[in-house]
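Worksheet: one structure, shown below.
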Amino acid sequence: MKVPFSFLIEQFRDSSIVFEKMKESLSRCDFTLGKDLLQFEKTYAEQTGCRHAMGVGSGTDALFLSLKAIGVGAGDEVITVPNSFIATTGAIVQAGARPVFVDIGEDFCLDPEKIAPAISEKTKAVLPVHWGGGPCRIEEICEVAARYRLPVLEDACQSLGAEWNGKRVGSFGLLAGFSTHPIKPLHVWGDGGVITTNSDEMVEKIRLLRNHGLKDRDTVESFGYNSRFDNLQAIVGNHVFESLNATIAKRREYAEKMDEALRALGEYIEVPLRYPQGKNVFHLYQFSTRYRDELLAFLIAAGVEAKVHYPIPLHLQPAARVFGYQEGDFPLTEKQSRESITLPCHQFLSLEQIDYMMAKVKEFFSSKMK
Ligand SMILES: *Cc1c(COP(=O)(O)O)cnc(C)c1O
């Protein structure tokens, strides 16, 4: 049996509706900031429970433009985690600031208790990541940040639809960045990103920043960038939105099944902390074991496309040498990089494939138990 990691071929097997809508939009030629994008932004705002959502060029740009809107620049520091995809830290560096890493907790997300010691007079923002489908302990993170009058920018790139205490992620911080890259929960046929906020002031700033600082056709209010969400891609996004809730429900069902099967294997496996007040969308289904590399090879040989996210933490990347971190600085992040494994957990898998994966994991560990 094969258990593929990617779901994209299935997702877009029948795309005739999308092509029809694209044809219709060609008659309008509203390629930039067009009608379909307005619809997409409206749905996105509803899905996150935010007053505003704005499409931009990518998830990385969503974070970068948000940092610019907050006023982050050269000489500033931004607190974040070293276990994310490179783009979280990349956006901070792109804004001219310095990433200050703090370690994660047992949930693979920023540990709120580790924020305060990392704050300096140069700190301008806190950038937690809702890792792998989230959510992080966002309320506590916002509380700590508020105590120091720091804005929170949520990196929700992997976690559209996740919830904390019944509220959607992306609606807690001053701003949040989402990605619509093809592997993310709500994806399009290329790059794209979304910024959500409840702040009218931030909306003004982001609208200018993403479109050359143009207030209207002829007036440049401030210098900005060109980072817009393509109208054609918004048509794809609107289409994928229709199946989002069903996708999330399926992923949750499979993840719960796997949590249960893995917990039964006892001491060999650590399932990440799941909070009663948190609802994960399982962009990545991860667990930890000290036999990670051996298990990875075993599963791949058995046809299961397991992966590692990621084997090298950000503070130990060659590019991050300039920041002076060393091995041992962030024990839980480093443990995750050595011990976590990611299993396929998407909406186009069958229950038989989930059962097969669990049987294979069990088979691997029963040889250890002897
Ligand atoms: C994908 C991702 C990004 C960047 O999004 P892009 O659309 O690829 O630019 C940022 N942060 C996290 C956590 C991501 O997973």
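Ordering of the structure tokens sets the chain letters (A, B, ...), residue numbers begin anew at 1 in every chain, and ligands are numbered from 1 in the order given.
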Query - Environment of ligand 1 within 7 Å, counting only C-alpha atoms and all ligand atoms, reported as a ChimeraX atom specification - result: /A:58-61,84-85,87-88,129,131,155-158,179-181,184,191-193
Original post:
Could you pull out all residues of region 151-360 of chain A with a DSSP call of strand (DSSP E or B) and give them as a VMD selection string?
Top reply: chain A and resid 152 to 155 163 to 164 167 to 168 175 to 179 193 to 197 211 214 to 216 219 to 220 226 230 270 278 to 279 285 to 288 304 307 340 to 343
Please identify which residues in region 126-171 of chain A DSSP calls helix (DSSP H, G or I) from the backbone, and express them as a tab-separated table (two decimals) with C-alpha atoms, in the first residue's frame.
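To be explicit, this is the file written out as states_13.tsv:
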```
chain	number	residue	atom	x	y	z
A	131	TRP	CA	2.74	25.52	14.19
A	132	GLY	CA	1.54	22.70	11.95
A	133	GLY	CA	-2.15	23.55	12.24
A	138	ILE	CA	-2.08	32.67	21.94
A	139	GLU	CA	-4.05	34.24	24.82
A	140	GLU	CA	-1.13	33.93	27.24
A	141	ILE	CA	1.27	35.20	24.59
A	142	CYS	CA	-0.94	38.26	24.00
A	143	GLU	CA	-1.13	38.86	27.77
A	144	VAL	CA	2.66	38.86	28.19
A	145	ALA	CA	3.10	41.09	25.13
A	146	ALA	CA	0.44	43.53	26.38
A	147	ARG	CA	2.25	43.82	29.72
```
Using only C-alpha atoms, find each residue in region 235-289 of chain A having at least one atom no more than 8 Å away from region 344-363 of chain A; report its shortest atom-to-atom pair and that distance in Å (one decimal), rows by chain then rising number, as JSON lines.
```
{"residue": "A:Thr247", "atom": "CA", "partner": "A:Gln347", "partner_atom": "CA", "distance": 5.5}
{"residue": "A:Ile248", "atom": "CA", "partner": "A:Gln347", "partner_atom": "CA", "distance": 7.8}
{"residue": "A:Lys250", "atom": "CA", "partner": "A:Gln347", "partner_atom": "CA", "distance": 5.5}
{"residue": "A:Arg251", "atom": "CA", "partner": "A:His346", "partner_atom": "CA", "distance": 5.6}
{"residue": "A:Tyr254", "atom": "CA", "partner": "A:Cys345", "partner_atom": "CA", "distance": 6.6}
{"residue": "A:Ala255", "atom": "CA", "partner": "A:Cys345", "partner_atom": "CA", "distance": 6.9}
{"residue": "A:Met258", "atom": "CA", "partner": "A:Met358", "partner_atom": "CA", "distance": 6.9}
{"residue": "A:Ala261", "atom": "CA", "partner": "A:Met358", "partner_atom": "CA", "distance": 6.7}
{"residue": "A:Leu262", "atom": "CA", "partner": "A:Met358", "partner_atom": "CA", "distance": 7.5}
{"residue": "A:Leu265", "atom": "CA", "partner": "A:Lys362", "partner_atom": "CA", "distance": 7.2}
{"residue": "A:Phe282", "atom": "CA", "partner": "A:Cys345", "partner_atom": "CA", "distance": 7.3}
{"residue": "A:His283", "atom": "CA", "partner": "A:Cys345", "partner_atom": "CA", "distance": 7.8}
{"residue": "A:Leu284", "atom": "CA", "partner": "A:Cys345", "partner_atom": "CA", "distance": 7.2}
{"residue": "A:Tyr285", "atom": "CA", "partner": "A:Cys345", "partner_atom": "CA", "distance": 6.1}
```
Please identify every residue of region 69-152 of chain A that has at least one atom no farther than 8 Å from an atom of region 313-324 of chain A, counting only C-alpha atoms, and for each give the shortest atom pair and the distance in Å to one decimal, arranged by chain then increasing number, as a Markdown table.
```
| residue | atom | partner | partner_atom | distance |
| --- | --- | --- | --- | --- |
| A:Pro82 | CA | A:Leu314 | CA | 4.9 |
| A:Asn83 | CA | A:Pro313 | CA | 5.4 |
| A:Ser84 | CA | A:Leu314 | CA | 7.3 |
| A:Ile86 | CA | A:Leu314 | CA | 6.8 |
| A:Thr89 | CA | A:Leu314 | CA | 8.0 |
| A:Arg98 | CA | A:Phe323 | CA | 8.0 |
| A:Phe101 | CA | A:His315 | CA | 7.7 |
```
Next, write the just-selected residues to a file, as a compact mmCIF listing (two decimals), in the first residue's frame, keeping N, CA, C and O atoms as the atom set.
```txt
# COMPACT_ATOMS: atom_id res chain seq x y z
N PRO A 82 12.59 29.34 16.94
CA PRO A 82 13.58 28.81 15.98
C PRO A 82 13.14 27.52 15.30
O PRO A 82 13.94 26.91 14.60
N ASN A 83 11.88 27.09 15.46
CA ASN A 83 11.48 25.80 14.88
C ASN A 83 10.51 25.96 13.71
O ASN A 83 9.86 25.01 13.32
N SER A 84 10.40 27.18 13.17
CA SER A 84 9.41 27.42 12.12
C SER A 84 10.01 27.17 10.74
O SER A 84 11.19 26.83 10.61
N ILE A 86 11.53 28.74 7.45
CA ILE A 86 12.48 29.85 7.38
C ILE A 86 11.81 31.22 7.17
O ILE A 86 12.32 32.26 7.60
N THR A 89 11.39 33.82 10.22
CA THR A 89 12.60 34.57 10.52
C THR A 89 13.02 35.43 9.33
O THR A 89 13.47 36.56 9.49
N ARG A 98 16.32 42.22 13.86
CA ARG A 98 17.03 41.04 14.33
C ARG A 98 16.05 40.07 14.99
O ARG A 98 15.30 40.46 15.88
N PHE A 101 15.34 34.61 19.26
CA PHE A 101 14.63 33.34 19.40
C PHE A 101 14.33 33.03 20.86
O PHE A 101 15.15 33.32 21.75
```
Exercise. Within 8 Å of Leu232 (chain A), counting only C-alpha atoms, which residues qualify if same-chain residues fewer than 3 places away don't, as a list in words?
Worked result: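 Those residues are Met22, Ser25, Phe31, Asp36, Ile235 and Val236 of chain A.
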Export N, CA, C and O atoms of the chosen residues as a CSV table (one decimal), in the first residue's frame?
```
chain,number,residue,atom,x,y,z
A,22,MET,N,-12.7,31.6,-14.4
A,22,MET,CA,-11.6,32.3,-14.9
A,22,MET,C,-11.9,32.9,-16.3
A,22,MET,O,-11.6,34.1,-16.5
A,25,SER,N,-14.0,35.9,-15.8
A,25,SER,CA,-13.3,37.0,-15.3
A,25,SER,C,-12.4,37.7,-16.4
A,25,SER,O,-12.1,38.9,-16.3
A,31,PHE,N,-7.5,42.1,-13.4
A,31,PHE,CA,-6.5,41.2,-12.9
A,31,PHE,C,-5.9,41.5,-11.5
A,31,PHE,O,-5.5,40.7,-10.8
A,36,ASP,N,-13.1,39.1,-7.7
A,36,ASP,CA,-12.9,37.8,-7.1
A,36,ASP,C,-12.1,38.0,-5.8
A,36,ASP,O,-12.3,37.2,-4.9
A,235,ILE,N,-9.9,33.3,-7.6
A,235,ILE,CA,-10.9,32.4,-8.1
A,235,ILE,C,-10.6,31.0,-7.6
A,235,ILE,O,-11.6,30.3,-7.1
A,236,VAL,N,-9.4,30.6,-7.6
A,236,VAL,CA,-9.0,29.2,-7.1
A,236,VAL,C,-9.3,29.2,-5.6
A,236,VAL,O,-9.9,28.2,-5.1
```
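Picture a line from CA of Arg290 (chain A) to CA of Pro311 (chain A); it runs 13.5 Å.
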**Request:** Give me, please, the distance in Å between CA of Gly57 (chain A) and CA of Pro4 (chain A), quoted to one decimal.
**Result:**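 Those two atoms sit 28.7 Å apart.
From CA of Pro272 (chain A) back to CA of Phe330 (chain A), the distance works out to 17.3 Å.
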